[in-house]
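Here is the structure we will look at.
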2 protein chains.
Amino acid sequence: MHFSSRLLEQAVDEFGRLPGIGKKTALRLVLHLLKQSNSDVSRFTHSLDQLKEQIRYCKTCFNISDHEICEICTSVKRDHATICVVEDTRDVMAIENTNQYQGVYHVLGGLISPMDGVGPSDLKIEALMDRLKNGEVREIILALSATMEGDTTIFYLYRKLKGFEVQISTIARGIAFGGELEYVDEITLGRSIATRVPYERNIG
Amino acid sequence: MHFSSRLLEQAVDEFGRLPGIGKKTALRLVLHLLKQSNSDVSRFTHSLDQLKEQIRYCKTCFNISDHEICEICTSVKRDHATICVVEDTRDVMAIENTNQYQGVYHVLGGLISPMDGVGPSDLKIEALMDRLKNGEVREIILALSATMEGDTTIFYLYRKLKGFEVQISTIARGIAFGGELEYVDEITLGRSIATRVPYERNIG
């Protein structure tokens with residue numbers, strides 16, 4: 001691309017570094033911002049600077065929080081004997097949106113991925129062990145992605161957690177609600193047959 | 001969406017205001033920035049703040065520029081008797097990328113659009129007239145989008161420019177190179193038949 005301004009080129013380069021934003025989209029976004037008022041643009045950049053400077057992570061569950069301990073971890077309405085282990089804050093948001101879960105969380109901050117150089121020590125696994133030491137936790141739900149990295153992390157956590165007096169479960173995998181059999185991929189379909197569930201449990 | 005942090009929510013809201021960026025994409029981008037170093041994030045926000053504060057528009061052609069007069073308008077290699085009128089800086093970039101045009105530009109800053117409340121006085125049309133007054137310009141090429149707004153603007157400019165001793169042309173419209181007839185929309189196909197060109201001109 002041939003830029004008429006170095007400042008414009010720099011801003012487009014910076015936007016283009018974001019995942020999924022190509023050069024053309026970056027240019028479109030920057031030109032959009034140029035048309036906004038000064039106060040709109042500075043509110044945009046200030047919100048990012050402020051987030052980056054002031055961001056905190058809950059000292060218990062490591063979810064993003066404005067306080068030292070997050071609202072879920074301080075809530076007396078939640079079941080603190082059940083911990084749902086997730087990869088990042090988006091998973092907490094997704095599970096909270098279901099309104100089906102009343103326990104607390106533990107955010108690992110990633111998944112074990114040798115390809116990306118992420119090992120167990122890069123994740124909040126030791127902190128999870130510490131939470132189990134007082135013996136008050138009865139169940140750990142491993143709600144991790146159904147990917148190679150998710151499976152590797154589940155396997156690692158299972159071996160670490162097995163020494164504790166705690167029920168370890170993973171979220172159910174299978175065919176999504178509304179999914180038509182003929183469009184389901186073979187691995188999911190094969191596994192969902194292998195891990196079939198007695199009908200009484202499904203209607204229970 | 002249920003946010004665990006007000007700062008996070010604000011940043012996602014700001015990102016989500018950008019055109020074509022939904023809430024989920026905004027969250028993904030903000031979480032990506034959170035994983036970057038402080039210096040990476042401040043370089044990103046600084047580049048936008050700097051662009052917005054220091055942006056200048058060429059006093060001759062109104063293209064985005066780092067200088068009072070842009071590089072194209074100051075270049076002695078360009079043909080200053082031919083002005084290509086475009087909507088915005090992206091069009092200048094697109095035409096420059098073709099390496100087919102040696103003239104100069106005039107950036108209107110938009111198109112006439114009563115629906116969006118954009119009238120002729122919101123565009124750099126008077127400034128275009130001023131450029132014609134010294135009598136040195138011989139041709140005006142109207143390179144505007146083939147839309148209702150583009151056609152309206154072309155019609156308006158044509159009436160304003162008719163009084164000057166200047167050749168007015170529009171860029172050719174028709175079937176794109178590589179375009180297969182059966183997939184061309186009816187309006188384009190109909191017009192390209194009505195405005196057919198003698199074969200000798202195409203090979204010339």
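Residue numbers start at 1 in each chain; chains themselves are named A, B, ... in the order of the structure tokens; ligands are numbered from 1 in the order shown.
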Given only C-alpha atoms, how would the per-residue table for chain B near chain A read, listing every residue at most 6 Å away with its closest atom pair and distance in Å to one decimal, sorted by chain and number, as CSV?
residue,atom,partner,partner_atom,distance
B:His2,CA,A:Met93,CA,5.7
B:Ser4,CA,A:Ser65,CA,5.5
B:Ser5,CA,A:Ser65,CA,4.8
B:Leu7,CA,A:Leu51,CA,5.4
B:Ala11,CA,A:Ser47,CA,5.2
B:Glu14,CA,A:Phe44,CA,5.5
B:Phe44,CA,A:Glu14,CA,5.5
B:Thr45,CA,A:Thr45,CA,5.1
B:Ser47,CA,A:Ala11,CA,5.2
B:Leu48,CA,A:Ala11,CA,5.7
B:Leu51,CA,A:Leu7,CA,5.4
B:Ser65,CA,A:Ser5,CA,4.8
B:Asp66,CA,A:Ser5,CA,5.2
B:Met93,CA,A:His2,CA,5.7
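Every protein, DNA or RNA residue with an atom at most 9 Å from segment 193-196 of chain B, where only C-alpha atoms count and chain neighbours fewer than 5 positions away do not, is listed here: Arg173, Gly174 and Thr188 of chain B.
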Inset, instruction - Could you find all residues in segment 1-202 of chain A that DSSP calls alpha helix (DSSP H) from the backbone, and write them as a PyMOL selection string? - result: chain A and resi 6-16+23-35+38-54+71-74+89-98+125-132+148-161+186-194+199-202
Based on the selection just made, write C-alpha atoms of those residues as a compact mmCIF listing (two decimals), in the first residue's frame.
# COMPACT_ATOMS: atom_id res chain seq x y z
CA ARG A 6 3.70 8.25 7.77
CA LEU A 7 1.41 8.80 10.77
CA LEU A 8 -1.43 7.12 8.92
CA GLU A 9 0.81 4.21 7.94
CA GLN A 10 1.96 3.73 11.54
CA ALA A 11 -1.59 3.68 12.88
CA VAL A 12 -2.65 1.21 10.17
CA ASP A 13 0.37 -0.99 10.96
CA GLU A 14 -0.54 -1.03 14.64
CA PHE A 15 -4.18 -1.93 13.94
CA GLY A 16 -3.04 -4.57 11.45
CA LYS A 23 -4.33 -4.20 6.17
CA LYS A 24 -7.52 -3.12 4.39
CA THR A 25 -9.66 -3.49 7.50
CA ALA A 26 -7.02 -1.67 9.55
CA LEU A 27 -7.12 1.25 7.09
CA ARG A 28 -10.92 1.32 7.20
CA LEU A 29 -10.92 1.41 11.03
CA VAL A 30 -8.24 4.11 11.22
CA LEU A 31 -10.07 6.31 8.68
CA HIS A 32 -13.25 5.77 10.70
CA LEU A 33 -11.48 6.97 13.87
CA LEU A 34 -10.12 9.98 11.97
CA LYS A 35 -13.69 11.04 11.23
CA ASN A 38 -11.07 14.19 19.30
CA SER A 39 -12.87 13.25 22.49
CA ASP A 40 -14.23 10.03 20.97
CA VAL A 41 -10.77 8.94 19.87
CA SER A 42 -9.13 9.83 23.17
CA ARG A 43 -11.89 7.98 25.04
CA PHE A 44 -11.09 4.94 22.89
CA THR A 45 -7.34 5.06 23.47
CA HIS A 46 -7.71 6.06 27.12
CA SER A 47 -9.97 3.08 27.85
CA LEU A 48 -7.26 0.74 26.53
CA ASP A 49 -4.42 2.50 28.36
CA GLN A 50 -6.43 2.49 31.56
CA LEU A 51 -7.37 -1.18 31.23
CA LYS A 52 -3.75 -2.15 30.58
CA GLU A 53 -2.43 -0.08 33.49
CA GLN A 54 -5.08 -0.87 36.06
CA GLU A 71 -17.31 -10.66 42.84
CA ILE A 72 -17.87 -14.37 42.28
CA CYS A 73 -15.22 -15.39 44.79
CA THR A 74 -16.62 -13.02 47.44
CA THR A 89 -12.13 -15.05 31.20
CA ARG A 90 -14.20 -15.60 28.04
CA ASP A 91 -15.06 -19.09 29.28
CA VAL A 92 -16.20 -17.66 32.63
CA MET A 93 -18.43 -15.23 30.73
CA ALA A 94 -19.83 -18.00 28.52
CA ILE A 95 -20.65 -20.23 31.52
CA GLU A 96 -22.11 -17.33 33.53
CA ASN A 97 -24.38 -16.55 30.58
CA THR A 98 -25.92 -20.03 30.82
CA ILE A 125 -1.99 -24.85 38.37
CA GLU A 126 -0.05 -24.56 41.63
CA ALA A 127 -2.55 -21.97 42.82
CA LEU A 128 -5.34 -24.46 42.08
CA MET A 129 -3.61 -27.08 44.24
CA ASP A 130 -3.34 -24.50 47.05
CA ARG A 131 -7.10 -23.95 46.91
CA LEU A 132 -7.67 -27.67 47.55
CA MET A 148 -5.45 -31.39 21.69
CA GLU A 149 -4.28 -28.69 24.13
CA GLY A 150 -7.44 -29.00 26.20
CA ASP A 151 -7.09 -32.79 26.42
CA THR A 152 -3.40 -32.53 27.32
CA THR A 153 -4.21 -30.06 30.09
CA ILE A 154 -7.07 -32.22 31.40
CA PHE A 155 -4.77 -35.25 31.49
CA TYR A 156 -2.06 -33.28 33.34
CA LEU A 157 -4.54 -31.82 35.84
CA TYR A 158 -6.15 -35.21 36.41
CA ARG A 159 -2.80 -36.69 37.42
CA LYS A 160 -2.02 -33.74 39.71
CA LEU A 161 -5.50 -33.68 41.31
CA GLU A 186 -16.96 -38.30 12.63
CA ILE A 187 -14.86 -38.00 15.77
CA THR A 188 -17.65 -36.32 17.74
CA LEU A 189 -20.24 -38.80 16.49
CA GLY A 190 -18.00 -41.80 17.17
CA ARG A 191 -17.21 -40.61 20.69
CA SER A 192 -20.79 -39.72 21.46
CA ILE A 193 -21.78 -43.29 20.61
CA ALA A 194 -18.92 -44.72 22.67
CA TYR A 199 -31.88 -42.53 28.71
CA GLU A 200 -33.10 -42.17 32.34
CA ARG A 201 -30.11 -39.92 33.07
CA ASN A 202 -30.95 -37.59 30.21
Legend entry - For His80 of chain A: contacts at 10 Å, only C-alpha atoms, fewer than 4 positions along chain excluded, given as a list in words: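 That gives Ile72, Cys73, Thr74, Ser75, Val76, Gln102, Gly103, Val104, Tyr105, Glu136, Val137, Arg138 and Glu139 of chain A.
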Output file for the residues above (N, CA and C atoms, as a compact mmCIF listing (two decimals), in the first residue's frame):
# COMPACT_ATOMS: atom_id res chain seq x y z
N ILE A 72 -17.42 -12.98 42.15
CA ILE A 72 -17.87 -14.37 42.28
C ILE A 72 -17.22 -15.01 43.50
N CYS A 73 -15.93 -14.77 43.67
CA CYS A 73 -15.22 -15.39 44.79
C CYS A 73 -15.66 -14.83 46.15
N THR A 74 -16.18 -13.60 46.16
CA THR A 74 -16.62 -13.02 47.44
C THR A 74 -18.11 -13.29 47.70
N SER A 75 -18.83 -13.78 46.68
CA SER A 75 -20.27 -13.95 46.83
C SER A 75 -20.61 -15.09 47.79
N VAL A 76 -21.54 -14.83 48.70
CA VAL A 76 -21.96 -15.89 49.62
C VAL A 76 -23.02 -16.78 48.97
N GLN A 102 -23.52 -22.55 39.69
CA GLN A 102 -23.55 -21.76 40.93
C GLN A 102 -22.25 -21.83 41.70
N GLY A 103 -21.28 -22.61 41.18
CA GLY A 103 -20.01 -22.73 41.88
C GLY A 103 -19.08 -21.56 41.60
N VAL A 104 -17.81 -21.74 41.90
CA VAL A 104 -16.81 -20.71 41.62
C VAL A 104 -15.89 -21.20 40.50
N TYR A 105 -14.91 -20.36 40.14
CA TYR A 105 -14.05 -20.65 38.99
C TYR A 105 -12.58 -20.70 39.37
N GLU A 136 -11.92 -28.09 51.70
CA GLU A 136 -13.32 -27.67 51.60
C GLU A 136 -13.92 -27.89 50.20
N VAL A 137 -13.04 -28.08 49.23
CA VAL A 137 -13.53 -28.26 47.85
C VAL A 137 -13.88 -29.74 47.64
N ARG A 138 -15.10 -29.97 47.11
CA ARG A 138 -15.54 -31.35 46.90
C ARG A 138 -15.49 -31.77 45.43
N GLU A 139 -15.63 -30.78 44.52
CA GLU A 139 -15.64 -31.15 43.10
C GLU A 139 -14.87 -30.14 42.25
Legend entry - Residues of segment 20-153 of chain B in strand (DSSP E or B), written as a ChimeraX atom specification: /B:56-57,64-65,79-86,103-107,113,118,139-142
Can you write out the residues you just picked, keeping C-alpha atoms, as a PDB file, in the first residue's frame?
ATOM      1  CA  ARG B  56      -2.976  17.270   8.306  1.00  0.00           C
ATOM      2  CA  TYR B  57      -4.676  17.540   4.972  1.00  0.00           C
ATOM      3  CA  ILE B  64      -4.112  13.089   4.216  1.00  0.00           C
ATOM      4  CA  SER B  65      -0.532  14.335   4.454  1.00  0.00           C
ATOM      5  CA  ASP B  79       0.987  16.183 -14.656  1.00  0.00           C
ATOM      6  CA  HIS B  80      -0.619  19.116 -12.839  1.00  0.00           C
ATOM      7  CA  ALA B  81      -2.988  19.807 -15.744  1.00  0.00           C
ATOM      8  CA  THR B  82      -4.976  16.632 -14.963  1.00  0.00           C
ATOM      9  CA  ILE B  83      -6.937  16.370 -11.721  1.00  0.00           C
ATOM     10  CA  CYS B  84      -8.540  13.114 -10.623  1.00  0.00           C
ATOM     11  CA  VAL B  85     -11.461  13.788  -8.256  1.00  0.00           C
ATOM     12  CA  VAL B  86     -11.992  11.046  -5.647  1.00  0.00           C
ATOM     13  CA  GLY B 103      -1.812  13.417 -12.801  1.00  0.00           C
ATOM     14  CA  VAL B 104      -2.739  14.937  -9.438  1.00  0.00           C
ATOM     15  CA  TYR B 105      -5.775  14.432  -7.192  1.00  0.00           C
ATOM     16  CA  HIS B 106      -8.580  16.265  -5.463  1.00  0.00           C
ATOM     17  CA  VAL B 107     -10.091  14.535  -2.424  1.00  0.00           C
ATOM     18  CA  SER B 113     -25.844  11.979   0.163  1.00  0.00           C
ATOM     19  CA  VAL B 118     -24.121  15.320   3.317  1.00  0.00           C
ATOM     20  CA  GLU B 139      -8.840  17.679 -17.668  1.00  0.00           C
ATOM     21  CA  ILE B 140     -10.914  16.636 -14.673  1.00  0.00           C
ATOM     22  CA  ILE B 141     -11.420  12.895 -14.192  1.00  0.00           C
ATOM     23  CA  LEU B 142     -14.354  12.100 -11.928  1.00  0.00           C
TER      24      LEU B 142
END
